[in-house]
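Encoded as structure tokens, the structure appears first; notes follow it.
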Amino acid sequence: MTRGRAAVVLRRKFDSTFSWVVTLGALGTSTYVLLNPFPGNGFGHQLEFIAIMAPLTWFMWMVGAHSVVEVHESGVLVVNWFRRFWVPWVELESVEATREVVLVTTSGERINVAVGAFSAASSLRGSRVQSRIREAIEQHRPLPAPSDSGGVRKSLDLAPWHFAGMVAFLLVVAWIGLWLNGS
């Protein structure tokens, strides 16, 4: 069964926004540093800088902006930091929301949801974020559940094309910076 378009996309607004701001700030700072290299620094120094900044920037994006829960007509897609879970409705037993959100499958597997993870701010407000996520998932659960499931699917989700694109961008910027500065 195809997933189709998501009926609901759930993110932690503050975490996602903060992650994007930090990621774009790191890319902007890296661009500035690469376009204005220190005198005497060659391409090797630029490569060292990229080797440090690219993984850090990618990690900042993965932790905050990458995590999402998508509710589809055929199931729920959970994207955590480095893992992706597809849970068809027929496989979803329940959604627990206490201090964090956990999807419980019919086989008893418990899938933690990164966007519904514990935070002190949410806990002080009565875990409203977690309750909102649970309600959004349950509100879109079809009754009866579609029977064609294919089972719960798990996969590693490292977003390699995002990382490769960022490294390629920084390499081009480094080359332009060296060219502009006559090195």
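We label chains A, B, ... in the order they appear in the structure tokens, count residues from 1 in each chain, and number ligands from 1 in the order shown.
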* To do: From the DSSP assignment of the backbone, select every residue of chain A that is strand (DSSP E or B), and format the answer as a count of residues only.
  => 36
Output as a Markdown table one row per residue of region 11-124 of chain A within 10 Å of region 157-172 of chain A: the closest atom pair and its distance in Å to one decimal place, counting only C-alpha atoms, sorted by chain and residue number ascending.
```
| residue | atom | partner | partner_atom | distance |
| --- | --- | --- | --- | --- |
| A:Leu27 | CA | A:Leu170 | CA | 8.3 |
| A:Ser30 | CA | A:Leu170 | CA | 7.6 |
| A:Thr31 | CA | A:Leu170 | CA | 6.9 |
| A:Leu34 | CA | A:Leu170 | CA | 7.8 |
| A:Leu35 | CA | A:Leu170 | CA | 9.9 |
| A:Phe43 | CA | A:Leu171 | CA | 9.5 |
| A:Gln46 | CA | A:Leu171 | CA | 8.3 |
| A:Leu47 | CA | A:Leu171 | CA | 7.7 |
| A:Phe49 | CA | A:Leu170 | CA | 9.7 |
| A:Ile50 | CA | A:Leu170 | CA | 6.8 |
| A:Ala51 | CA | A:Val167 | CA | 8.6 |
| A:Met53 | CA | A:Val167 | CA | 9.3 |
| A:Ala54 | CA | A:Val167 | CA | 6.2 |
| A:Pro55 | CA | A:Phe163 | CA | 7.7 |
| A:Thr57 | CA | A:Met166 | CA | 8.9 |
| A:Trp58 | CA | A:Phe163 | CA | 6.1 |
| A:Phe59 | CA | A:Phe163 | CA | 9.3 |
| A:Trp61 | CA | A:His162 | CA | 9.7 |
| A:Met62 | CA | A:Leu158 | CA | 8.0 |
| A:His66 | CA | A:Ala159 | CA | 8.9 |
| A:Val79 | CA | A:Asp157 | CA | 7.8 |
| A:Asn80 | CA | A:Asp157 | CA | 8.3 |
| A:Trp81 | CA | A:Asp157 | CA | 7.7 |
| A:Phe82 | CA | A:Asp157 | CA | 4.8 |
| A:Arg83 | CA | A:Asp157 | CA | 4.9 |
| A:Arg84 | CA | A:Asp157 | CA | 5.8 |
| A:Phe85 | CA | A:Asp157 | CA | 9.5 |
```
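Among the candidate residues A:Arg128, A:Ala136, A:Glu109, A:Gly177, the one lying nearest to Lys154 (chain A) is A:Glu109, with distances computed using only C-alpha atoms.
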* **Residue with smallest distance to Glu96 (chain A) - pool A:Ile137, A:Leu56, A:Val68, A:Val78, counting only C-alpha atoms** => A:Ile137
* Nearest to Pro144 (chain A), chosen from A:Val90, A:Val95, A:Phe14, A:Val173, with only C-alpha atoms counted in the distances ->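 Distance minimum relative to Pro144 (chain A) lands on A:Val90.
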* Could you check how far CA of Ser67 (chain A) sits from CA of Arg110 (chain A), in Å to one decimal? =>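 Rounded to one decimal, the two atoms are 17.4 Å apart.
With only C-alpha atoms as the atoms that count, the minimum distance from Gly75 (chain A) to the choices A:Leu103, A:Leu24, A:Ala97, A:Met60 is reached by A:Leu103.
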* Asked: Closest to Val102 (chain A) among A:Ser74, A:Val69, A:Arg5, A:Ser147, using only C-alpha atoms?
  ->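 Answer, going by the shortest atom-to-atom distance: A:Val69.
Minimum atom-to-atom distances from A:Trp20, A:His45, A:Leu10, A:Asp15 to Trp175 (chain A) were compared using only C-alpha atoms, and the lowest value belongs to A:His45.
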* Between CA of Gly4 (chain A) and CA of Gly64 (chain A), distance in Å (one decimal) -> 24.7 Å
* Just give me the gap between CA of Ile111 (chain A) and CA of Val87 (chain A) in Å, one decimal is fine. =>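 Here the two named atoms are 9.4 Å from each other.
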* Do you know which residues are at most 6 Å from Gly116 (chain A) counting only C-alpha atoms, after dropping those on the same chain fewer than 6 positions away, and could you put them as a list in words? -> Glu100, Val101 and Gln130 of chain A
Output N, CA, C and O atoms for every residue in that selection, as a short mmCIF file (atom, residue, chain, number, x, y, z; two decimals), in the first residue's frame.
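New file part-v7.cif:
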```
data_model
loop_
_atom_site.label_atom_id
_atom_site.label_comp_id
_atom_site.auth_asym_id
_atom_site.auth_seq_id
_atom_site.Cartn_x
_atom_site.Cartn_y
_atom_site.Cartn_z
N GLU A 100 6.88 11.16 27.46
CA GLU A 100 7.36 10.98 26.10
C GLU A 100 6.30 10.21 25.32
O GLU A 100 5.38 9.68 25.91
N VAL A 101 6.44 10.18 24.01
CA VAL A 101 5.47 9.47 23.17
C VAL A 101 6.11 8.16 22.71
O VAL A 101 7.25 8.15 22.25
N GLN A 130 3.33 16.13 24.15
CA GLN A 130 3.13 14.69 24.03
C GLN A 130 1.65 14.36 23.83
O GLN A 130 1.31 13.51 23.00
#
```
Please return as a CSV table (one decimal) with N, CA and C atoms, in the first residue's frame: the residues of region 11-170 of chain A that backbone DSSP assigns to helix (DSSP H, G or I).
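Output contents, as saved in selection.csv:
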```
chain,number,residue,atom,x,y,z
A,13,LYS,N,8.2,22.5,17.1
A,13,LYS,CA,8.4,23.8,16.4
A,13,LYS,C,9.7,24.5,16.9
A,14,PHE,N,9.9,24.6,18.3
A,14,PHE,CA,11.0,25.2,18.8
A,14,PHE,C,12.3,24.5,18.4
A,15,ASP,N,12.3,23.2,18.6
A,15,ASP,CA,13.5,22.4,18.3
A,15,ASP,C,13.9,22.5,16.8
A,16,SER,N,12.9,22.3,16.0
A,16,SER,CA,13.1,22.4,14.5
A,16,SER,C,13.6,23.8,14.1
A,17,THR,N,13.0,24.8,14.6
A,17,THR,CA,13.4,26.2,14.2
A,17,THR,C,14.8,26.5,14.7
A,18,PHE,N,15.0,26.1,16.0
A,18,PHE,CA,16.3,26.4,16.6
A,18,PHE,C,17.4,25.6,15.8
A,19,SER,N,17.1,24.4,15.4
A,19,SER,CA,18.1,23.6,14.7
A,19,SER,C,18.4,24.2,13.3
A,20,TRP,N,17.3,24.7,12.6
A,20,TRP,CA,17.5,25.3,11.3
A,20,TRP,C,18.4,26.6,11.5
A,21,VAL,N,18.1,27.4,12.6
A,21,VAL,CA,18.9,28.6,12.8
A,21,VAL,C,20.3,28.3,13.0
A,22,VAL,N,20.6,27.3,13.9
A,22,VAL,CA,22.0,26.9,14.2
A,22,VAL,C,22.7,26.4,13.0
A,23,THR,N,22.0,25.5,12.2
A,23,THR,CA,22.5,24.9,11.0
A,23,THR,C,22.9,26.0,10.0
A,24,LEU,N,21.9,26.9,9.7
A,24,LEU,CA,22.2,27.9,8.7
A,24,LEU,C,23.2,28.9,9.2
A,25,GLY,N,23.3,29.1,10.5
A,25,GLY,CA,24.4,30.0,11.1
A,25,GLY,C,25.7,29.3,10.9
A,26,ALA,N,25.8,28.0,11.2
A,26,ALA,CA,27.1,27.3,11.0
A,26,ALA,C,27.5,27.3,9.5
A,27,LEU,N,26.5,27.1,8.6
A,27,LEU,CA,26.8,27.2,7.2
A,27,LEU,C,27.3,28.6,6.8
A,28,GLY,N,26.6,29.6,7.3
A,28,GLY,CA,26.9,31.0,7.0
A,28,GLY,C,28.3,31.3,7.5
A,29,THR,N,28.6,30.9,8.7
A,29,THR,CA,29.9,31.2,9.3
A,29,THR,C,31.0,30.4,8.5
A,30,SER,N,30.7,29.2,8.2
A,30,SER,CA,31.7,28.4,7.4
A,30,SER,C,31.9,29.0,6.0
A,31,THR,N,30.9,29.5,5.4
A,31,THR,CA,31.0,30.2,4.1
A,31,THR,C,31.9,31.4,4.2
A,32,TYR,N,31.7,32.2,5.3
A,32,TYR,CA,32.5,33.4,5.5
A,32,TYR,C,33.9,33.1,5.7
A,33,VAL,N,34.2,32.1,6.5
A,33,VAL,CA,35.6,31.7,6.8
A,33,VAL,C,36.3,31.1,5.6
A,34,LEU,N,35.5,30.4,4.8
A,34,LEU,CA,36.1,29.8,3.6
A,34,LEU,C,36.4,30.8,2.5
A,35,LEU,N,35.5,31.9,2.4
A,35,LEU,CA,35.7,32.9,1.4
A,35,LEU,C,36.8,33.9,1.9
A,43,PHE,N,44.7,25.2,0.4
A,43,PHE,CA,43.5,24.3,0.3
A,43,PHE,C,43.4,23.2,1.4
A,44,GLY,N,44.6,22.8,1.8
A,44,GLY,CA,44.7,21.8,2.8
A,44,GLY,C,44.0,22.2,4.1
A,45,HIS,N,44.3,23.5,4.5
A,45,HIS,CA,43.7,24.1,5.7
A,45,HIS,C,42.2,24.2,5.5
A,46,GLN,N,41.8,24.6,4.3
A,46,GLN,CA,40.3,24.7,4.1
A,46,GLN,C,39.7,23.3,4.2
A,47,LEU,N,40.3,22.2,3.7
A,47,LEU,CA,39.8,20.9,3.8
A,47,LEU,C,39.7,20.5,5.3
A,48,GLU,N,40.7,20.8,6.1
A,48,GLU,CA,40.6,20.5,7.5
A,48,GLU,C,39.4,21.2,8.2
A,49,PHE,N,39.2,22.4,7.8
A,49,PHE,CA,38.1,23.2,8.4
A,49,PHE,C,36.7,22.5,7.9
A,50,ILE,N,36.6,22.1,6.7
A,50,ILE,CA,35.4,21.5,6.2
A,50,ILE,C,35.2,20.1,6.9
A,51,ALA,N,36.3,19.4,7.1
A,51,ALA,CA,36.2,18.1,7.8
A,51,ALA,C,35.7,18.2,9.2
A,52,ILE,N,35.9,19.4,9.8
A,52,ILE,CA,35.4,19.6,11.2
A,52,ILE,C,34.0,20.1,11.1
A,53,MET,N,33.7,21.1,10.3
A,53,MET,CA,32.4,21.8,10.3
A,53,MET,C,31.3,21.0,9.6
A,54,ALA,N,31.6,20.3,8.6
A,54,ALA,CA,30.5,19.6,7.9
A,54,ALA,C,29.8,18.6,8.7
A,55,PRO,N,30.6,17.7,9.4
A,55,PRO,CA,29.9,16.7,10.3
A,55,PRO,C,29.1,17.4,11.5
A,56,LEU,N,29.7,18.4,12.0
A,56,LEU,CA,29.0,19.1,13.1
A,56,LEU,C,27.7,19.8,12.7
A,57,THR,N,27.8,20.4,11.5
A,57,THR,CA,26.6,21.1,11.0
A,57,THR,C,25.5,20.0,10.6
A,58,TRP,N,25.9,19.0,10.0
A,58,TRP,CA,25.0,17.9,9.6
A,58,TRP,C,24.4,17.3,10.9
A,59,PHE,N,25.2,17.1,11.9
A,59,PHE,CA,24.6,16.5,13.2
A,59,PHE,C,23.6,17.5,13.8
A,60,MET,N,23.9,18.8,13.8
A,60,MET,CA,22.9,19.7,14.4
A,60,MET,C,21.6,19.7,13.6
A,61,TRP,N,21.7,19.5,12.3
A,61,TRP,CA,20.4,19.4,11.5
A,61,TRP,C,19.7,18.1,11.8
A,62,MET,N,20.4,17.0,11.9
A,62,MET,CA,19.8,15.7,12.1
A,62,MET,C,19.1,15.6,13.5
A,63,VAL,N,19.7,16.2,14.5
A,63,VAL,CA,19.1,16.2,15.8
A,63,VAL,C,17.8,17.0,15.9
A,64,GLY,N,17.8,18.1,15.3
A,64,GLY,CA,16.6,19.0,15.5
A,64,GLY,C,15.6,19.0,14.4
A,89,TRP,N,-1.2,1.0,10.2
A,89,TRP,CA,-2.3,1.1,11.2
A,89,TRP,C,-2.6,-0.3,11.8
A,90,VAL,N,-2.7,-1.3,11.0
A,90,VAL,CA,-3.0,-2.6,11.5
A,90,VAL,C,-2.0,-3.1,12.6
A,91,GLU,N,-0.8,-2.6,12.5
A,91,GLU,CA,0.3,-3.0,13.4
A,91,GLU,C,0.4,-2.2,14.6
A,114,ALA,N,11.0,10.7,18.7
A,114,ALA,CA,11.9,11.8,19.0
A,114,ALA,C,11.2,13.1,19.2
A,115,VAL,N,10.2,13.4,18.3
A,115,VAL,CA,9.6,14.7,18.5
A,115,VAL,C,8.7,14.8,19.7
A,116,GLY,N,8.4,13.6,20.3
A,116,GLY,CA,7.6,13.6,21.5
A,116,GLY,C,8.4,13.2,22.7
A,120,ALA,N,12.0,19.4,29.8
A,120,ALA,CA,11.6,20.0,31.1
A,120,ALA,C,10.5,21.0,30.9
A,121,ALA,N,10.6,21.8,29.8
A,121,ALA,CA,9.6,22.8,29.5
A,121,ALA,C,8.2,22.2,29.3
A,122,SER,N,8.2,21.1,28.5
A,122,SER,CA,6.9,20.4,28.2
A,122,SER,C,6.4,19.7,29.5
A,123,SER,N,7.3,19.2,30.3
A,123,SER,CA,6.9,18.6,31.6
A,123,SER,C,6.2,19.6,32.5
A,124,LEU,N,6.8,20.8,32.6
A,124,LEU,CA,6.3,21.8,33.4
A,124,LEU,C,4.9,22.3,33.0
A,128,ARG,N,1.9,18.8,27.4
A,128,ARG,CA,1.0,19.1,26.3
A,128,ARG,C,1.4,18.7,24.9
A,129,VAL,N,2.8,18.8,24.7
A,129,VAL,CA,3.3,18.4,23.4
A,129,VAL,C,3.0,16.9,23.1
A,130,GLN,N,3.3,16.1,24.2
A,130,GLN,CA,3.1,14.7,24.0
A,130,GLN,C,1.7,14.4,23.8
A,131,SER,N,0.8,15.0,24.6
A,131,SER,CA,-0.7,14.8,24.4
A,131,SER,C,-1.2,15.2,23.0
A,132,ARG,N,-0.6,16.3,22.5
A,132,ARG,CA,-1.0,16.8,21.2
A,132,ARG,C,-0.6,15.8,20.1
A,133,ILE,N,0.6,15.2,20.3
A,133,ILE,CA,1.1,14.3,19.3
A,133,ILE,C,0.2,13.0,19.3
A,134,ARG,N,-0.1,12.5,20.5
A,134,ARG,CA,-0.9,11.3,20.6
A,134,ARG,C,-2.3,11.5,20.1
A,135,GLU,N,-2.9,12.7,20.4
A,135,GLU,CA,-4.2,13.0,19.9
A,135,GLU,C,-4.3,13.1,18.3
A,136,ALA,N,-3.2,13.7,17.8
A,136,ALA,CA,-3.2,13.9,16.3
A,136,ALA,C,-3.1,12.5,15.6
A,137,ILE,N,-2.3,11.6,16.2
A,137,ILE,CA,-2.2,10.3,15.6
A,137,ILE,C,-3.5,9.5,15.8
A,138,GLU,N,-4.1,9.5,17.0
A,138,GLU,CA,-5.3,8.8,17.2
A,138,GLU,C,-6.5,9.4,16.4
A,139,GLN,N,-6.5,10.7,16.2
A,139,GLN,CA,-7.6,11.3,15.5
A,139,GLN,C,-7.6,10.9,14.0
A,160,PRO,N,22.3,10.8,3.7
A,160,PRO,CA,23.7,11.0,3.1
A,160,PRO,C,23.7,12.0,2.0
A,161,TRP,N,22.6,12.2,1.3
A,161,TRP,CA,22.6,13.2,0.2
A,161,TRP,C,22.7,14.6,0.8
A,162,HIS,N,22.1,14.8,1.9
A,162,HIS,CA,22.2,16.1,2.5
A,162,HIS,C,23.6,16.4,2.9
A,163,PHE,N,24.2,15.4,3.5
A,163,PHE,CA,25.6,15.6,4.0
A,163,PHE,C,26.5,15.8,2.8
A,164,ALA,N,26.4,15.0,1.7
A,164,ALA,CA,27.2,15.1,0.5
A,164,ALA,C,27.0,16.4,-0.2
A,165,GLY,N,25.8,16.9,-0.2
A,165,GLY,CA,25.5,18.2,-0.8
A,165,GLY,C,26.1,19.3,0.0
A,166,MET,N,26.1,19.2,1.3
A,166,MET,CA,26.7,20.3,2.1
A,166,MET,C,28.2,20.3,1.9
A,167,VAL,N,28.9,19.1,1.9
A,167,VAL,CA,30.3,19.0,1.7
A,167,VAL,C,30.7,19.6,0.3
A,168,ALA,N,29.9,19.2,-0.7
A,168,ALA,CA,30.2,19.7,-2.1
A,168,ALA,C,30.1,21.3,-2.1
A,169,PHE,N,29.0,21.8,-1.4
A,169,PHE,CA,28.9,23.3,-1.4
A,169,PHE,C,30.1,23.9,-0.7
A,170,LEU,N,30.5,23.4,0.4
A,170,LEU,CA,31.6,23.9,1.2
A,170,LEU,C,32.9,23.8,0.4
```
